[in-house]
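As provided, target_33.csv (CSV, C-alpha atoms and all ligand atoms) reads as follows.
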```csv
chain,number,residue,atom,x,y,z
A,1,MET,CA,97.0,106.7,142.4
A,2,THR,CA,93.3,106.4,141.4
A,3,ALA,CA,93.5,106.2,137.5
A,4,CYS,CA,95.3,104.4,134.7
A,5,LEU,CA,95.9,106.0,131.3
A,6,PHE,CA,96.9,103.3,128.8
A,7,ASP,CA,98.5,103.9,125.4
A,8,LEU,CA,97.0,101.3,123.0
A,9,ASP,CA,99.5,100.1,120.3
A,10,GLY,CA,102.3,98.3,122.0
A,11,VAL,CA,100.9,98.6,125.5
A,12,LEU,CA,97.5,96.9,125.3
A,13,THR,CA,97.6,95.4,121.8
A,14,GLN,CA,100.4,93.9,119.7
A,15,THR,CA,99.7,96.5,117.0
A,16,ALA,CA,102.9,98.5,117.3
A,17,ARG,CA,104.6,95.9,115.1
A,18,VAL,CA,101.9,96.2,112.5
A,19,HIS,CA,102.3,100.0,112.5
A,20,ASN,CA,106.0,99.6,112.1
A,21,VAL,CA,105.7,97.3,109.1
A,22,ALA,CA,103.1,99.6,107.5
A,23,TRP,CA,105.4,102.7,108.0
A,24,ALA,CA,108.4,100.8,106.5
A,25,GLN,CA,106.4,99.7,103.4
A,26,THR,CA,105.0,103.3,102.9
A,27,PHE,CA,108.3,105.1,103.5
A,28,ASP,CA,110.4,102.7,101.5
A,29,ALA,CA,108.3,103.1,98.4
A,30,PHE,CA,108.6,106.9,98.7
A,31,LEU,CA,112.3,106.8,99.4
A,32,LEU,CA,113.0,104.6,96.4
A,33,ARG,CA,111.1,107.0,94.1
A,34,HIS,CA,113.0,109.9,95.8
A,35,ALA,CA,116.4,108.2,95.3
A,36,GLU,CA,115.6,107.5,91.6
A,37,ALA,CA,114.5,111.1,91.1
A,38,THR,CA,117.5,112.7,92.8
A,39,GLY,CA,120.2,110.2,92.1
A,40,GLU,CA,120.9,109.9,95.8
A,41,PRO,CA,121.5,106.4,97.3
A,42,PHE,CA,118.4,104.6,98.6
A,43,ARG,CA,118.5,104.2,102.4
A,44,PRO,CA,115.5,102.3,103.6
A,45,PHE,CA,113.4,103.2,106.7
A,46,ASP,CA,115.0,101.6,109.8
A,47,PRO,CA,112.3,99.8,111.9
A,48,GLY,CA,114.5,100.3,114.9
A,49,PRO,CA,115.8,103.9,115.5
A,50,ASP,CA,113.7,105.6,112.7
A,51,TYR,CA,110.5,104.1,114.1
A,52,ASN,CA,111.3,104.8,117.8
A,53,ARG,CA,112.6,108.3,117.3
A,54,TYR,CA,110.4,109.9,114.7
A,55,VAL,CA,107.2,107.9,114.3
A,56,ASP,CA,106.1,105.8,117.3
A,57,GLY,CA,103.3,107.3,119.3
A,58,ARG,CA,103.0,110.5,117.3
A,59,PRO,CA,100.0,111.6,115.2
A,60,ARG,CA,100.4,110.3,111.6
A,61,ALA,CA,101.3,113.6,110.0
A,62,ASP,CA,103.8,114.5,112.7
A,63,GLY,CA,105.5,111.1,112.1
A,64,VAL,CA,105.8,111.7,108.4
A,65,ARG,CA,107.1,115.2,108.8
A,66,SER,CA,109.7,114.4,111.4
A,67,PHE,CA,111.0,111.2,109.7
A,68,LEU,CA,111.3,113.0,106.3
A,69,ALA,CA,113.0,115.9,107.9
A,70,SER,CA,115.6,113.5,109.3
A,71,ARG,CA,116.4,112.6,105.7
A,72,GLY,CA,116.4,116.2,104.6
A,73,VAL,CA,113.1,115.9,102.7
A,74,VAL,CA,110.4,118.6,103.0
A,75,LEU,CA,107.0,118.0,101.4
A,76,PRO,CA,104.0,120.3,101.3
A,77,GLU,CA,101.6,119.6,104.2
A,78,GLY,CA,98.5,119.1,102.1
A,79,ALA,CA,95.2,118.5,103.9
A,80,PRO,CA,94.0,115.8,106.3
A,81,ASP,CA,91.7,114.4,103.6
A,82,ASP,CA,94.3,114.2,100.9
A,83,PRO,CA,94.1,111.0,98.8
A,84,PRO,CA,96.7,108.3,99.6
A,85,GLU,CA,98.4,109.0,96.2
A,86,ALA,CA,99.1,112.6,97.1
A,87,GLU,CA,102.8,113.4,97.5
A,88,THR,CA,102.2,115.5,100.6
A,89,VAL,CA,102.8,114.9,104.3
A,90,ASN,CA,99.1,114.1,104.8
A,91,GLY,CA,98.9,112.0,101.6
A,92,ILE,CA,101.8,109.8,102.8
A,93,GLY,CA,100.2,109.5,106.2
A,94,ASN,CA,96.9,108.4,104.6
A,95,ARG,CA,98.8,105.9,102.4
A,96,LYS,CA,100.3,104.4,105.5
A,97,ASN,CA,96.8,104.1,107.0
A,98,VAL,CA,95.6,102.2,103.9
A,99,VAL,CA,98.4,99.7,104.3
A,100,LEU,CA,97.8,99.4,108.1
A,101,LEU,CA,94.1,98.7,107.7
A,102,GLU,CA,94.8,96.0,105.1
A,103,ARG,CA,97.2,94.3,107.5
A,104,LEU,CA,94.8,94.6,110.5
A,105,ARG,CA,92.1,93.0,108.3
A,106,THR,CA,94.3,90.1,107.3
A,107,ASP,CA,96.2,89.6,110.5
A,108,GLY,CA,93.7,90.6,113.1
A,109,VAL,CA,94.5,92.2,116.5
A,110,GLU,CA,96.3,90.4,119.2
A,111,VAL,CA,96.4,91.6,122.8
A,112,TYR,CA,99.2,91.3,125.3
A,113,PRO,CA,97.8,88.8,127.8
A,114,GLY,CA,99.6,90.4,130.7
A,115,SER,CA,98.0,93.7,129.9
A,116,VAL,CA,94.5,92.2,129.9
A,117,THR,CA,95.3,90.6,133.3
A,118,TYR,CA,96.4,94.0,134.5
A,119,LEU,CA,93.3,95.8,133.2
A,120,LYS,CA,91.1,93.3,135.0
A,121,ALA,CA,93.1,93.7,138.2
A,122,ALA,CA,92.9,97.5,137.9
A,123,ALA,CA,89.1,97.3,137.4
A,124,ASP,CA,88.8,95.0,140.4
A,125,ALA,CA,90.8,97.4,142.5
A,126,GLY,CA,88.5,100.2,141.6
A,127,LEU,CA,91.0,102.2,139.5
A,128,ARG,CA,89.6,104.3,136.7
A,129,ARG,CA,90.8,103.3,133.2
A,130,ALA,CA,91.1,105.2,129.9
A,131,VAL,CA,92.9,104.5,126.6
A,132,VAL,CA,94.9,107.4,125.2
A,133,SER,CA,96.2,106.8,121.6
A,134,ALA,CA,97.3,108.9,118.7
A,135,SER,CA,95.7,106.3,116.4
A,136,ALA,CA,92.6,107.3,114.4
A,137,ASN,CA,91.7,103.6,114.3
A,138,CYS,CA,91.7,103.3,118.1
A,139,ARG,CA,88.0,102.5,118.5
A,140,GLN,CA,88.0,99.7,116.0
A,141,VAL,CA,91.2,98.1,117.4
A,142,VAL,CA,89.9,98.3,121.0
A,143,ALA,CA,86.7,96.6,119.8
A,144,ALA,CA,88.5,94.0,117.7
A,145,ALA,CA,90.6,93.2,120.7
A,146,GLY,CA,87.6,92.8,123.0
A,147,LEU,CA,88.8,95.5,125.4
A,148,GLU,CA,85.8,97.8,125.3
A,149,PRO,CA,84.2,96.5,128.5
A,150,LEU,CA,87.5,97.2,130.5
A,151,LEU,CA,88.0,100.8,129.4
A,152,GLU,CA,85.8,103.7,130.6
A,153,ALA,CA,87.0,106.5,128.3
A,154,ARG,CA,88.9,107.0,125.0
A,155,VAL,CA,91.0,109.8,123.7
A,156,ASP,CA,92.2,108.9,120.2
A,157,GLY,CA,93.5,110.6,117.0
A,158,LEU,CA,89.9,111.6,116.0
A,159,VAL,CA,89.1,113.1,119.4
A,160,ALA,CA,92.4,115.0,119.4
A,161,ARG,CA,91.7,116.5,116.0
A,162,GLU,CA,88.1,117.5,116.9
A,163,ARG,CA,89.2,119.1,120.2
A,164,GLY,CA,92.4,120.7,118.9
A,165,LEU,CA,94.7,118.6,121.2
A,166,ARG,CA,98.4,118.4,120.3
A,167,GLY,CA,99.8,114.9,119.9
A,168,LYS,CA,102.4,113.2,122.0
A,169,PRO,CA,105.1,114.2,123.1
A,170,HIS,CA,102.8,117.0,124.2
A,171,PRO,CA,100.7,115.9,127.2
A,172,ASP,CA,97.3,117.2,125.9
A,173,THR,CA,95.7,113.9,125.1
A,174,PHE,CA,96.7,112.3,128.4
A,175,LEU,CA,95.4,115.4,130.2
A,176,GLU,CA,92.1,115.0,128.4
A,177,GLY,CA,92.0,111.3,129.4
A,178,ALA,CA,92.4,112.3,133.1
A,179,ARG,CA,89.8,115.0,132.7
A,180,LEU,CA,87.3,112.6,131.1
A,181,LEU,CA,87.8,110.3,134.1
A,182,GLY,CA,87.4,113.2,136.5
A,183,VAL,CA,90.8,112.7,138.2
A,184,ASP,CA,93.7,115.0,138.9
A,185,PRO,CA,96.7,114.2,136.6
A,186,ALA,CA,98.9,113.9,139.8
A,187,ARG,CA,96.7,110.9,140.8
A,188,ALA,CA,96.9,109.2,137.4
A,189,VAL,CA,99.5,106.7,136.0
A,190,VAL,CA,100.6,106.8,132.3
A,191,PHE,CA,101.5,103.5,130.6
A,192,GLU,CA,103.5,104.0,127.4
A,193,ASP,CA,105.8,102.1,125.1
A,194,ALA,CA,106.8,105.0,122.9
A,195,LEU,CA,109.6,107.5,123.7
A,196,ALA,CA,107.2,110.4,122.7
A,197,GLY,CA,104.6,108.8,125.0
A,198,VAL,CA,106.7,108.7,128.2
A,199,ALA,CA,107.8,112.2,127.4
A,200,ALA,CA,104.2,113.3,127.3
A,201,GLY,CA,103.5,111.6,130.6
A,202,ARG,CA,106.5,113.5,132.2
A,203,ALA,CA,105.5,116.8,130.6
A,204,GLY,CA,101.9,116.5,131.9
A,205,GLY,CA,102.9,116.2,135.6
A,206,PHE,CA,101.3,112.8,136.0
A,207,GLY,CA,101.7,110.9,139.2
A,208,TYR,CA,103.7,108.1,137.7
A,209,VAL,CA,104.9,107.1,134.3
A,210,VAL,CA,105.3,103.4,133.4
A,211,GLY,CA,107.5,102.7,130.4
A,212,VAL,CA,106.6,99.4,128.7
A,213,ASP,CA,109.6,98.0,126.9
A,214,ARG,CA,108.7,95.8,124.0
A,215,VAL,CA,111.9,96.4,121.9
A,216,GLY,CA,114.8,96.6,124.3
A,217,GLN,CA,114.9,100.4,124.8
A,218,ALA,CA,114.6,100.5,128.6
A,219,GLU,CA,117.3,103.1,129.0
A,220,GLU,CA,115.8,105.5,126.5
A,221,LEU,CA,112.4,105.1,128.1
A,222,LEU,CA,113.9,106.1,131.4
A,223,ALA,CA,115.8,109.0,129.8
A,224,HIS,CA,112.6,110.3,128.2
A,225,GLY,CA,110.8,110.4,131.6
A,226,ALA,CA,109.6,106.9,132.7
A,227,ASP,CA,109.7,106.3,136.5
A,228,VAL,CA,109.9,102.6,136.0
A,229,VAL,CA,110.3,100.3,133.0
A,230,VAL,CA,108.6,96.8,132.7
A,231,THR,CA,108.4,94.3,129.9
A,232,ASP,CA,105.0,93.0,131.0
A,233,LEU,CA,102.2,94.8,132.9
A,234,ALA,CA,101.4,91.7,134.8
A,235,GLY,CA,104.7,92.1,136.6
A,236,LEU,CA,103.2,95.2,138.3
A,237,ILE,CA,100.4,93.2,140.1
A,238,ASP,CA,101.1,92.8,143.8
A,239,ARG,CA,100.2,89.2,144.3
A,240,GLU,CA,100.8,89.5,148.1
A,241,THR,CA,97.8,91.9,148.5
A,242,PRO,CA,94.6,90.1,149.3
A,243,ALA,CA,91.8,90.9,146.9
A,301,MG,MG,102.4,102.8,121.6
```

Mind converting the file's structure to structure tokens?
Amino acid sequence: MTACLFDLDGVLTQTARVHNVAWAQTFDAFLLRHAEATGEPFRPFDPGPDYNRYVDGRPRADGVRSFLASRGVVLPEGAPDDPPEAETVNGIGNRKNVVLLERLRTDGVEVYPGSVTYLKAAADAGLRRAVVSASANCRQVVAAAGLEPLLEARVDGLVARERGLRGKPHPDTFLEGARLLGVDPARAVVFEDALAGVAAGRAGGFGYVVGVDRVGQAEELLAHGADVVVTDLAGLIDRETPA
């Protein structure tokens, strides 16, 4: 293997949790209004299965559409620049982003120390390194986390939209990461904490897929295509090998 393709939220930075909270806040407000309007009982967004199955790792609009479909709700798509008040798939996605940015501003961005250790070890070993994230805020989060010097290429939600790349679980964004680094996908390792993300790694024919388990879903990560599951990237560093 000559290259590493890292997901961001939940793999390098502890922002998966912040995303989860922002989704819950956004969806619960919508579901409450929906329950009042239809007379159906209010069933809140579940930060466990709902987040992991429908939202995590996917482009924002895909997350909104697939979660609402699981509740039998279909909304008009709207446009990517819909205001956050719009009752559309894109409007709800943009509302979630407003909540997310507020939380990132107040709480800041924390890294996983084991992932930073791993990034440095990978750089020292001469492995190529890219970040591949569905997030449209990837550049700012990477900068706030101080990870810019350790990453050579970035494929994020903005790049994906610009270049017409389908989001995870499609492999397009990881393939673009390998292309930017100039490596064959078969020589690249994908690091992912999301079920949709490991599925993308499997679908793209990458050399190896590392599932990063932050929430106790090791078996599902394996079932979706991970070759191995770890809870900390630092555990992958072979300390026996002399530098
Ligand atoms: Mg993730």

Counting all atoms listed in the file, which residues in chain A sit no more than 6 Å from ligand MG 301 (chain A)? For each one, give the nearest pair of atoms and the distance in Å, sorted by chain then residue number, as CSV.
```
residue,atom,partner,partner_atom,distance
A:Asp7,CA,A:MG301,MG,5.6
A:Leu8,CA,A:MG301,MG,5.8
A:Asp9,CA,A:MG301,MG,4.2
A:Gly10,CA,A:MG301,MG,4.5
A:Val11,CA,A:MG301,MG,5.9
A:Gly57,CA,A:MG301,MG,5.1
A:Asp193,CA,A:MG301,MG,4.9
A:Ala194,CA,A:MG301,MG,5.1
```

Neighbour list for Arg128 of chain A as a PyMOL selection string, cut-off 12 Å, all atoms listed in the file, skip fewer than 5 positions in-chain:
chain A and resi 1-6+119-123+150-153+177-184+187-189

Write the residues of the selection above to a file with C-alpha atoms, as a PDB file, in the frame of the given file.
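The resulting file, part_33.pdb, is shown below:
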```pdb
ATOM      1  CA  MET A   1      97.000 106.700 142.400  1.00  0.00           C
ATOM      2  CA  THR A   2      93.300 106.400 141.400  1.00  0.00           C
ATOM      3  CA  ALA A   3      93.500 106.200 137.500  1.00  0.00           C
ATOM      4  CA  CYS A   4      95.300 104.400 134.700  1.00  0.00           C
ATOM      5  CA  LEU A   5      95.900 106.000 131.300  1.00  0.00           C
ATOM      6  CA  PHE A   6      96.900 103.300 128.800  1.00  0.00           C
ATOM      7  CA  LEU A 119      93.300  95.800 133.200  1.00  0.00           C
ATOM      8  CA  LYS A 120      91.100  93.300 135.000  1.00  0.00           C
ATOM      9  CA  ALA A 121      93.100  93.700 138.200  1.00  0.00           C
ATOM     10  CA  ALA A 122      92.900  97.500 137.900  1.00  0.00           C
ATOM     11  CA  ALA A 123      89.100  97.300 137.400  1.00  0.00           C
ATOM     12  CA  LEU A 150      87.500  97.200 130.500  1.00  0.00           C
ATOM     13  CA  LEU A 151      88.000 100.800 129.400  1.00  0.00           C
ATOM     14  CA  GLU A 152      85.800 103.700 130.600  1.00  0.00           C
ATOM     15  CA  ALA A 153      87.000 106.500 128.300  1.00  0.00           C
ATOM     16  CA  GLY A 177      92.000 111.300 129.400  1.00  0.00           C
ATOM     17  CA  ALA A 178      92.400 112.300 133.100  1.00  0.00           C
ATOM     18  CA  ARG A 179      89.800 115.000 132.700  1.00  0.00           C
ATOM     19  CA  LEU A 180      87.300 112.600 131.100  1.00  0.00           C
ATOM     20  CA  LEU A 181      87.800 110.300 134.100  1.00  0.00           C
ATOM     21  CA  GLY A 182      87.400 113.200 136.500  1.00  0.00           C
ATOM     22  CA  VAL A 183      90.800 112.700 138.200  1.00  0.00           C
ATOM     23  CA  ASP A 184      93.700 115.000 138.900  1.00  0.00           C
ATOM     24  CA  ARG A 187      96.700 110.900 140.800  1.00  0.00           C
ATOM     25  CA  ALA A 188      96.900 109.200 137.400  1.00  0.00           C
ATOM     26  CA  VAL A 189      99.500 106.700 136.000  1.00  0.00           C
TER      27      VAL A 189
END
```

Determine, using all atoms listed in the file, which residues of segment 16-81 of chain A have any atom at most 12 Å from an atom of segment 198-218 of chain A, and tabulate each with its shortest atom pair and distance in Å to one decimal place, rows ordered by chain and then rising number, as a tab-separated table.
```
residue	atom	partner	partner_atom	distance
A:Ala16	CA	A:Arg214	CA	9.3
A:Arg17	CA	A:Arg214	CA	9.8
A:Asn20	CA	A:Val215	CA	11.9
A:Pro47	CA	A:Val215	CA	10.6
A:Gly48	CA	A:Val215	CA	8.4
A:Pro49	CA	A:Gln217	CA	10.0
A:Tyr51	CA	A:Val215	CA	11.0
A:Asn52	CA	A:Gln217	CA	9.0
A:Arg53	CA	A:Gln217	CA	11.1
A:Asp56	CA	A:Val198	CA	11.3
A:Gly57	CA	A:Val198	CA	9.6
A:Arg58	CA	A:Ala200	CA	10.5
```

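Atom CA of Thr15 of chain A to atom CA of Val73 of chain A spans 27.6 Å [interatomic distance, one decimal].
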
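With distances restricted to all atoms listed in the file, A:Tyr54 is the closest residue to Arg71 of chain A from A:Arg161, A:Tyr54, A:Leu101, A:Asp107.
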
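In this comparison, which uses all atoms listed in the file, the residue of A:Val159, A:Ala223, A:Leu127, A:Val111 approaching Val142 of chain A most closely is A:Val111.
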
Env of Gly93 of chain A: 6 Å cut, atoms = only C-alpha atoms, seq-sep filter 2 positions within chain, self excluded. Answer as a PDB file with C-alpha atoms, keeping the file's coordinate frame.
```pdb
ATOM      1  CA  ARG A  60     100.400 110.300 111.600  1.00  0.00           C
ATOM      2  CA  ALA A  61     101.300 113.600 110.000  1.00  0.00           C
ATOM      3  CA  ASN A  90      99.100 114.100 104.800  1.00  0.00           C
ATOM      4  CA  GLY A  91      98.900 112.000 101.600  1.00  0.00           C
ATOM      5  CA  ARG A  95      98.800 105.900 102.400  1.00  0.00           C
ATOM      6  CA  LYS A  96     100.300 104.400 105.500  1.00  0.00           C
TER       7      LYS A  96
END
```

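Coordinates place atom CA of Val98 of chain A at a distance of 22.1 Å from atom CA of Val74 of chain A.
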
Near-segment 165-167 of chain A list (10 Å; only C-alpha atoms; drop same-chain fewer than 3 positions) as a PyMOL selection string:
chain A and resi 57-60+62+133-134+155-162+170-176+196-197+200

Write out, as a tab-separated table (two decimals), in the frame of the given file, the residues just selected, with C-alpha atoms.
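Done, and the output landed in part.tsv:
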```
chain	number	residue	atom	x	y	z
A	57	GLY	CA	103.30	107.30	119.30
A	58	ARG	CA	103.00	110.50	117.30
A	59	PRO	CA	100.00	111.60	115.20
A	60	ARG	CA	100.40	110.30	111.60
A	62	ASP	CA	103.80	114.50	112.70
A	133	SER	CA	96.20	106.80	121.60
A	134	ALA	CA	97.30	108.90	118.70
A	155	VAL	CA	91.00	109.80	123.70
A	156	ASP	CA	92.20	108.90	120.20
A	157	GLY	CA	93.50	110.60	117.00
A	158	LEU	CA	89.90	111.60	116.00
A	159	VAL	CA	89.10	113.10	119.40
A	160	ALA	CA	92.40	115.00	119.40
A	161	ARG	CA	91.70	116.50	116.00
A	162	GLU	CA	88.10	117.50	116.90
A	170	HIS	CA	102.80	117.00	124.20
A	171	PRO	CA	100.70	115.90	127.20
A	172	ASP	CA	97.30	117.20	125.90
A	173	THR	CA	95.70	113.90	125.10
A	174	PHE	CA	96.70	112.30	128.40
A	175	LEU	CA	95.40	115.40	130.20
A	176	GLU	CA	92.10	115.00	128.40
A	196	ALA	CA	107.20	110.40	122.70
A	197	GLY	CA	104.60	108.80	125.00
A	200	ALA	CA	104.20	113.30	127.30
```

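From atom CA of His34 of chain A back to atom CA of Asn97 of chain A, the distance works out to 20.5 Å.
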
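Among the candidates A:Asn137, A:Arg33, A:Arg65, A:Gly225, the residue lying nearest to Leu104 of chain A is A:Asn137 (atoms considered: all atoms listed in the file).
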
I'd like the box whose edges run along x, y and z of the file and which contains every listed atom of segment 8-23 of chain A, padded by 5 Å per side; could you state its centre and edge lengths in Å, one decimal, as AutoDock Vina command-line options?
```
--center_x 101.5 --center_y 98.3 --center_z 116.5 --size_x 19.0 --size_y 18.8 --size_z 28.0
```

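Between Val21 of chain A and the candidates A:Val89, A:Leu68, A:Ala37, A:Leu100, the tightest atom-to-atom separation, counting only C-alpha atoms, involves A:Leu100.
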
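Minimum atom-to-atom distance to Ile237 of chain A, evaluated using only C-alpha atoms, belongs to A:Gly114 out of A:Gly63, A:Gly146, A:Gly114, A:Gly164.
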
Find the residues around Ala29 of chain A up to 10 Å (all atoms listed in the file counted), leave out those fewer than 5 positions away in its own chain, and share them as a PyMOL selection string.
chain A and resi 24+34+44-45

I want to know what sits within 12 Å of Glu148 of chain A, based on all atoms listed in the file, with residues of the same chain fewer than 6 positions away left out; could you give that as a compact mmCIF listing (two decimals) with C-alpha atoms, in the frame of the given file?
```txt
# COMPACT_ATOMS: atom_id res chain seq x y z
CA LEU A 8 97.00 101.30 123.00
CA LEU A 12 97.50 96.90 125.30
CA VAL A 116 94.50 92.20 129.90
CA LEU A 119 93.30 95.80 133.20
CA LYS A 120 91.10 93.30 135.00
CA ARG A 129 90.80 103.30 133.20
CA ALA A 130 91.10 105.20 129.90
CA VAL A 131 92.90 104.50 126.60
CA CYS A 138 91.70 103.30 118.10
CA ARG A 139 88.00 102.50 118.50
CA GLN A 140 88.00 99.70 116.00
CA VAL A 141 91.20 98.10 117.40
CA VAL A 142 89.90 98.30 121.00
CA ARG A 154 88.90 107.00 125.00
```
